[in-house]
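A quick write-up on the structure given underneath.
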Amino acid sequence: MAGVYNKKYPVVKHEETAPGQRLLCLDAPEIALGSAPGQFLHVRCSEGRDPLLRRPISIHFAEREGGRVCILYRVAGRGTSLLARVAPGDHVDVLGPLGRGYTLPSAGERVAVVGGGIGAAPLFFLLAEMRKYYGRYLDRVSVFLGAHTLEALPGAALIREMGYHLDIATDDGSGGFKGTVADLFREASGNRTFDRVYACGPPPMLRVLAAAVGPGPAVEVSVEERMGCGVGACLSCACRVRSAGGAVEYAHVCRDGPVFNLKDLVL
Ligand SMILES: Cc1cc2nc3c(=O)[nH]c(=O)nc-3n(C[C@H](O)[C@H](O)[C@H](O)COP(=O)(O)OP(=O)(O)OC[C@H]3O[C@@H](n4cnc5c(N)ncnc54)[C@H](O)[C@@H]3O)c2cc1C
Ligand code: FES
């Protein structure tokens, strides 16, 4: 497979960014150079056989010049708890970059970027790339991020520093709109029009988004599914999609996604 690497890369940074969330950066020049927003790394979380399977985690940021690639992850269970123990100087075995990422917007399109919880992780790389290639249209981009609490919201300051307009939603009302980011987006769509929407978050959020967005904009969403091989060989990551003729078929999240056109997904 062209442009996919499997090596143990040195950890150059690993820190807690919010309770239960960690930023891990690896010195992985070839991955940093070859990755696109929305792609993911398949990470071996421990040196041993437990857990046996790798864990898929989106590329949060790739610093092409510096050769670094970073992931932002929530400590969810066995694998990520073991990963949380690695320290700078240790090496982590990753396979990647994998999957199909987001399509960048065309010049001048009005864009919304919508992230729920840790699902916002891959959107930073997308925003960084858009700033590079789409810089003079930044005022046409609206970013919506949501989390349970303000403390759990990843990277709001960074997004504002990049020059984006950011609206936030928190379930407990500790910051911004009180409610979900999908509800916030639905409210905003009442007085703003978008040509293109990018999203990442849990399935309930994507369902509300699908209802809010209407038939107009092109919507690309990143889907999360449990994975085995990560490369299309084991069928464990099947998701239901609609073919051009309207029939329901199965796609591989690892190979055909994780980014899909929302209209193609059967949510
Ligand atoms: C393409 C892709 C990109 C992802 N990017 C990120 C990311 O950037 N940051 C991040 O924190 N997480 C991300 N995830 C989710 C991440 O893979 C899971 O949280 C991780 O595999 C959990 O492993 P674990 O061994 O710690 O937990 P487990 O013990 O395996 O499970 C703990 C809990 O997490 C749920 N879970 C496990 N695997 C997945 C999965 N693949 N998708 C959804 N829920 C799962 C389980 O149902 C269970 O409730 C991504 C998933 C996919 C498919
Ligand atoms: S994880 Fe094996 S086919 Fe997708």
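Identifiers for the structure tokens are assigned positionally: chains receive A, B, ... in sequence, residues are indexed from 1 per chain, and ligands are indexed from 1 in the order shown.
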
So which residues are near ligand 2, meaning at most 7 Å away with only C-alpha atoms and all ligand atoms counted, given back as a short mmCIF file (atom, residue, chain, number, x, y, z; two decimals) with C-alpha atoms, in the first residue's frame?
```cif
data_model
loop_
_atom_site.label_atom_id
_atom_site.label_comp_id
_atom_site.auth_asym_id
_atom_site.auth_seq_id
_atom_site.Cartn_x
_atom_site.Cartn_y
_atom_site.Cartn_z
CA MET A 227 -11.74 -1.87 13.94
CA GLY A 228 -9.54 -4.90 13.49
CA CYS A 229 -6.99 -4.75 10.70
CA GLY A 230 -7.54 -1.10 9.70
CA VAL A 231 -6.83 -1.84 6.04
CA GLY A 232 -9.96 -3.44 4.58
CA ALA A 233 -9.11 -7.10 5.17
CA CYS A 234 -11.18 -8.29 8.14
CA LEU A 235 -14.68 -6.80 7.64
CA SER A 236 -15.01 -5.80 11.30
CA CYS A 237 -15.65 -2.12 10.57
CA ALA A 238 -18.67 -2.44 8.25
CA HIS A 252 -15.48 -0.45 5.29
CA VAL A 253 -14.98 2.49 7.61
CA CYS A 254 -11.21 1.89 7.60
CA ARG A 255 -10.77 1.86 3.82
#
```

Please check which protein, DNA or RNA residues sit within 7 Å of ligand 1, counting only C-alpha atoms and all ligand atoms, and write them as a PyMOL selection string. chain A and resi 40+55-60+71-81+118-119+121-122+223-227+254+258

Let's see if you can do this: from backbone DSSP, list all strand (DSSP E or B) residues in stretch 21-192 of chain A, as number ranges by chain. A: 21-27, 40-43, 55-58, 61-63, 68-74, 91-98, 100, 111-116, 141-147, 165-170, 177-178

Using only C-alpha atoms, which protein or nucleic acid residues come within 9 Å of A:Asp27? Drop anything in the same chain fewer than 2 positions from it, and give the result as a PyMOL selection string. chain A and resi 9-12+25+29+32+66-70

Those residues you just picked out, can you put them in a file as a CSV table (one decimal), in the first residue's frame with C-alpha atoms?
```csv
chain,number,residue,atom,x,y,z
A,9,TYR,CA,8.1,6.1,16.4
A,10,PRO,CA,9.6,8.0,19.3
A,11,VAL,CA,7.3,9.9,21.6
A,12,VAL,CA,8.2,13.6,21.7
A,25,CYS,CA,3.0,13.6,19.5
A,29,PRO,CA,8.4,12.5,9.5
A,32,ALA,CA,3.6,13.9,8.9
A,66,GLY,CA,8.9,19.6,12.0
A,67,GLY,CA,8.1,15.9,11.1
A,68,ARG,CA,5.7,15.5,14.0
A,69,VAL,CA,2.3,13.8,14.0
A,70,CYS,CA,-0.1,14.2,17.0
```

Residue neighbourhood stretch 95-108 of chain A, 9 Å, only C-alpha atoms, exclusion window fewer than 5 positions, as a PyMOL selection string: chain A and resi 3-8+31-32+34-44+54+59+126+129-130+133-134+136-137+140+196+198+220-222+230-231+253-260

Output the selection as a compact mmCIF listing (two decimals), in the first residue's frame - N, CA and C atoms for each residue.
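So the final result, stored in result_33.txt, reads:
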```
# COMPACT_ATOMS: atom_id res chain seq x y z
N GLY A 3 2.45 4.77 0.56
CA GLY A 3 2.34 5.85 1.54
C GLY A 3 1.81 5.46 2.90
N VAL A 4 1.82 4.14 3.23
CA VAL A 4 1.40 3.71 4.57
C VAL A 4 2.63 3.12 5.26
N TYR A 5 2.89 3.57 6.47
CA TYR A 5 4.10 3.16 7.18
C TYR A 5 3.73 2.40 8.45
N ASN A 6 4.55 1.43 8.80
CA ASN A 6 4.36 0.73 10.06
C ASN A 6 5.70 0.66 10.76
N LYS A 7 5.85 1.50 11.80
CA LYS A 7 7.12 1.57 12.51
C LYS A 7 6.85 1.94 13.96
N LYS A 8 7.88 1.81 14.76
CA LYS A 8 7.80 2.34 16.12
C LYS A 8 8.43 3.73 16.09
N ILE A 31 5.06 10.04 8.05
CA ILE A 31 3.61 10.10 8.25
C ILE A 31 3.16 11.56 8.23
N ALA A 32 3.94 12.43 8.89
CA ALA A 32 3.58 13.85 8.92
C ALA A 32 3.47 14.40 7.49
N GLY A 34 2.94 12.68 4.69
CA GLY A 34 2.00 12.02 3.78
C GLY A 34 0.55 12.04 4.23
N SER A 35 0.25 12.65 5.37
CA SER A 35 -1.13 12.51 5.87
C SER A 35 -2.01 13.69 5.48
N ALA A 36 -3.31 13.40 5.46
CA ALA A 36 -4.31 14.42 5.10
C ALA A 36 -5.35 14.48 6.22
N PRO A 37 -6.01 15.64 6.38
CA PRO A 37 -7.01 15.77 7.45
C PRO A 37 -8.11 14.72 7.32
N GLY A 38 -8.44 14.09 8.44
CA GLY A 38 -9.50 13.07 8.44
C GLY A 38 -8.93 11.66 8.43
N GLN A 39 -7.65 11.52 8.08
CA GLN A 39 -7.04 10.17 8.12
C GLN A 39 -6.72 9.79 9.56
N PHE A 40 -6.42 8.52 9.78
CA PHE A 40 -6.16 8.08 11.14
C PHE A 40 -4.92 7.20 11.24
N LEU A 41 -4.47 7.00 12.46
CA LEU A 41 -3.37 6.08 12.75
C LEU A 41 -3.96 4.86 13.46
N HIS A 42 -3.42 3.70 13.18
CA HIS A 42 -3.83 2.49 13.89
C HIS A 42 -2.72 2.20 14.89
N VAL A 43 -3.03 2.36 16.17
CA VAL A 43 -2.02 2.46 17.21
C VAL A 43 -1.96 1.19 18.05
N ARG A 44 -0.77 0.63 18.20
CA ARG A 44 -0.59 -0.49 19.13
C ARG A 44 -0.39 0.15 20.51
N ARG A 54 -4.96 -3.24 17.43
CA ARG A 54 -4.61 -1.82 17.44
C ARG A 54 -5.87 -0.99 17.68
N ILE A 59 -5.72 11.57 13.14
CA ILE A 59 -4.58 12.48 13.19
C ILE A 59 -5.13 13.85 13.60
N LEU A 126 -7.79 19.73 9.81
CA LEU A 126 -8.57 20.28 8.70
C LEU A 126 -8.53 21.82 8.74
N GLU A 129 -5.11 23.10 7.67
CA GLU A 129 -4.91 23.00 6.22
C GLU A 129 -5.74 24.06 5.49
N MET A 130 -6.97 24.28 5.98
CA MET A 130 -7.80 25.30 5.33
C MET A 130 -7.17 26.68 5.49
N TYR A 133 -4.41 26.91 2.79
CA TYR A 133 -4.79 26.94 1.37
C TYR A 133 -6.00 27.81 1.08
N TYR A 134 -6.65 28.27 2.12
CA TYR A 134 -7.97 28.90 1.95
C TYR A 134 -7.99 30.20 2.75
N ARG A 136 -7.51 33.43 2.70
CA ARG A 136 -8.20 34.72 2.55
C ARG A 136 -9.71 34.59 2.67
N TYR A 137 -10.21 33.38 2.82
CA TYR A 137 -11.66 33.21 2.98
C TYR A 137 -12.05 32.80 4.41
N ARG A 140 -15.36 33.23 5.98
CA ARG A 140 -16.52 32.45 5.51
C ARG A 140 -16.64 31.11 6.23
N ARG A 196 -20.82 23.99 2.43
CA ARG A 196 -20.12 22.76 2.76
C ARG A 196 -20.03 22.63 4.28
N TYR A 198 -18.42 20.16 7.45
CA TYR A 198 -17.55 19.06 7.89
C TYR A 198 -17.91 18.74 9.33
N GLU A 220 -19.61 16.31 4.80
CA GLU A 220 -18.68 15.18 5.01
C GLU A 220 -18.53 14.93 6.50
N VAL A 221 -18.71 13.67 6.88
CA VAL A 221 -18.62 13.34 8.31
C VAL A 221 -17.65 12.19 8.52
N SER A 222 -16.98 12.21 9.67
CA SER A 222 -16.09 11.11 10.02
C SER A 222 -16.84 10.18 10.96
N GLY A 230 -7.73 -2.51 10.09
CA GLY A 230 -7.54 -1.10 9.70
C GLY A 230 -7.28 -0.89 8.21
N VAL A 231 -7.21 -1.98 7.45
CA VAL A 231 -6.83 -1.84 6.04
C VAL A 231 -7.78 -2.56 5.07
N VAL A 253 -15.33 1.17 7.07
CA VAL A 253 -14.98 2.49 7.61
C VAL A 253 -13.48 2.74 7.46
N CYS A 254 -12.66 1.69 7.63
CA CYS A 254 -11.21 1.89 7.60
C CYS A 254 -10.69 2.25 6.21
N ARG A 255 -11.31 1.69 5.17
CA ARG A 255 -10.77 1.86 3.82
C ARG A 255 -11.60 2.83 2.99
N ASP A 256 -12.92 2.72 3.06
CA ASP A 256 -13.79 3.61 2.28
C ASP A 256 -14.00 4.93 3.03
N GLY A 257 -13.77 4.96 4.32
CA GLY A 257 -13.91 6.13 5.18
C GLY A 257 -12.58 6.34 5.86
N PRO A 258 -12.51 6.91 7.06
CA PRO A 258 -13.67 7.14 7.93
C PRO A 258 -14.54 8.32 7.53
N VAL A 259 -14.09 9.12 6.53
CA VAL A 259 -14.91 10.26 6.12
C VAL A 259 -15.83 9.82 4.99
N PHE A 260 -17.12 10.07 5.15
CA PHE A 260 -18.13 9.73 4.14
C PHE A 260 -18.97 10.97 3.84
```

Could you give me, as a list in words, the residues within 10 Å of A:Val86, counting only C-alpha atoms and dropping anything in the same chain fewer than 3 positions from it? Val11, Lys13, His14, Leu24, Cys45, Ser46, Ser81, Leu82, Leu83, Gly89, Asp90, His91 and Val92 of chain A

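Shortest atom-to-atom contact with A:Val114 among A:Ala62, A:Leu150, A:Val197, A:Val241: A:Val197, counting only C-alpha atoms.
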
One number please: atom CA of A:Gly116 to atom CA of A:Asp167, in Å, one decimal.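 Atom-to-atom, atom CA of A:Gly116 and atom CA of A:Asp167 are spaced 12.2 Å apart.
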
Identify, on the basis of only C-alpha atoms, every residue whose closest approach to A:Ala211 does not exceed 12 Å; exclude the query and any residue fewer than 2 positions from it along the same chain; express the result as an MDAnalysis selection string. chainID A and resid 182:183 185:186 189 204:209 213:216 219 262:263 267

Restricted to N, CA and C atoms, what would the selected residues look like written as a JSON list (two decimals), in the first residue's frame?
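Result written to part.json:
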```json
[["chain", "number", "residue", "atom", "x", "y", "z"],
["A", 182, "ALA", "N", -24.99, 20.01, 17.98],
["A", 182, "ALA", "CA", -25.91, 19.85, 16.84],
["A", 182, "ALA", "C", -27.09, 20.83, 16.98],
["A", 183, "ASP", "N", -27.55, 21.03, 18.22],
["A", 183, "ASP", "CA", -28.63, 22.01, 18.44],
["A", 183, "ASP", "C", -28.13, 23.42, 18.15],
["A", 185, "PHE", "N", -25.78, 24.23, 16.09],
["A", 185, "PHE", "CA", -25.65, 24.34, 14.63],
["A", 185, "PHE", "C", -27.02, 24.58, 14.00],
["A", 186, "ARG", "N", -28.03, 23.86, 14.51],
["A", 186, "ARG", "CA", -29.38, 24.01, 13.95],
["A", 186, "ARG", "C", -29.86, 25.46, 14.13],
["A", 189, "SER", "N", -27.96, 27.72, 11.72],
["A", 189, "SER", "CA", -28.34, 27.53, 10.31],
["A", 189, "SER", "C", -29.58, 28.34, 9.95],
["A", 204, "PRO", "N", -25.44, 9.90, 17.47],
["A", 204, "PRO", "CA", -26.62, 10.74, 17.74],
["A", 204, "PRO", "C", -26.44, 12.17, 17.25],
["A", 205, "MET", "N", -25.21, 12.69, 17.40],
["A", 205, "MET", "CA", -24.93, 14.05, 16.93],
["A", 205, "MET", "C", -25.08, 14.12, 15.41],
["A", 206, "LEU", "N", -24.59, 13.09, 14.72],
["A", 206, "LEU", "CA", -24.65, 13.10, 13.25],
["A", 206, "LEU", "C", -26.10, 13.01, 12.77],
["A", 207, "ARG", "N", -26.94, 12.29, 13.54],
["A", 207, "ARG", "CA", -28.36, 12.18, 13.14],
["A", 207, "ARG", "C", -29.05, 13.54, 13.26],
["A", 208, "VAL", "N", -28.79, 14.26, 14.37],
["A", 208, "VAL", "CA", -29.41, 15.59, 14.53],
["A", 208, "VAL", "C", -28.88, 16.53, 13.44],
["A", 209, "LEU", "N", -27.59, 16.41, 13.18],
["A", 209, "LEU", "CA", -26.98, 17.26, 12.15],
["A", 209, "LEU", "C", -27.62, 17.00, 10.79],
["A", 213, "VAL", "N", -29.30, 20.02, 8.65],
["A", 213, "VAL", "CA", -28.53, 20.60, 7.56],
["A", 213, "VAL", "C", -29.34, 20.74, 6.26],
["A", 214, "GLY", "N", -30.32, 19.91, 6.07],
["A", 214, "GLY", "CA", -31.14, 20.00, 4.86],
["A", 214, "GLY", "C", -30.39, 19.50, 3.64],
["A", 215, "PRO", "N", -31.02, 19.58, 2.46],
["A", 215, "PRO", "CA", -30.44, 18.97, 1.26],
["A", 215, "PRO", "C", -29.37, 19.84, 0.57],
["A", 216, "GLY", "N", -29.21, 21.11, 0.97],
["A", 216, "GLY", "CA", -28.35, 22.04, 0.23],
["A", 216, "GLY", "C", -26.87, 21.71, 0.26],
["A", 219, "VAL", "N", -22.05, 17.60, 2.73],
["A", 219, "VAL", "CA", -21.69, 17.34, 4.13],
["A", 219, "VAL", "C", -20.78, 16.12, 4.20],
["A", 262, "LEU", "N", -22.37, 12.52, 3.99],
["A", 262, "LEU", "CA", -23.47, 12.21, 4.91],
["A", 262, "LEU", "C", -24.66, 11.60, 4.16],
["A", 263, "LYS", "N", -24.90, 12.08, 2.93],
["A", 263, "LYS", "CA", -26.07, 11.59, 2.18],
["A", 263, "LYS", "C", -25.94, 10.10, 1.83],
["A", 267, "LEU", "N", -27.73, 6.15, 8.72],
["A", 267, "LEU", "CA", -27.40, 6.40, 10.14],
["A", 267, "LEU", "C", -28.34, 5.66, 11.08]]
```

Using only C-alpha atoms, determine which residues lie at most 12 Å from A:Asp139, disregarding the query and same-chain residues fewer than 5 positions distant; provide the list as a list of chain:residue names. A:Gly108, A:Glu109, A:Arg110, A:Val111, A:Ala112, A:Met130, A:Arg131, A:Tyr134, A:Arg160, A:Met162, A:Gly163, A:Tyr164, A:His165, A:Leu166
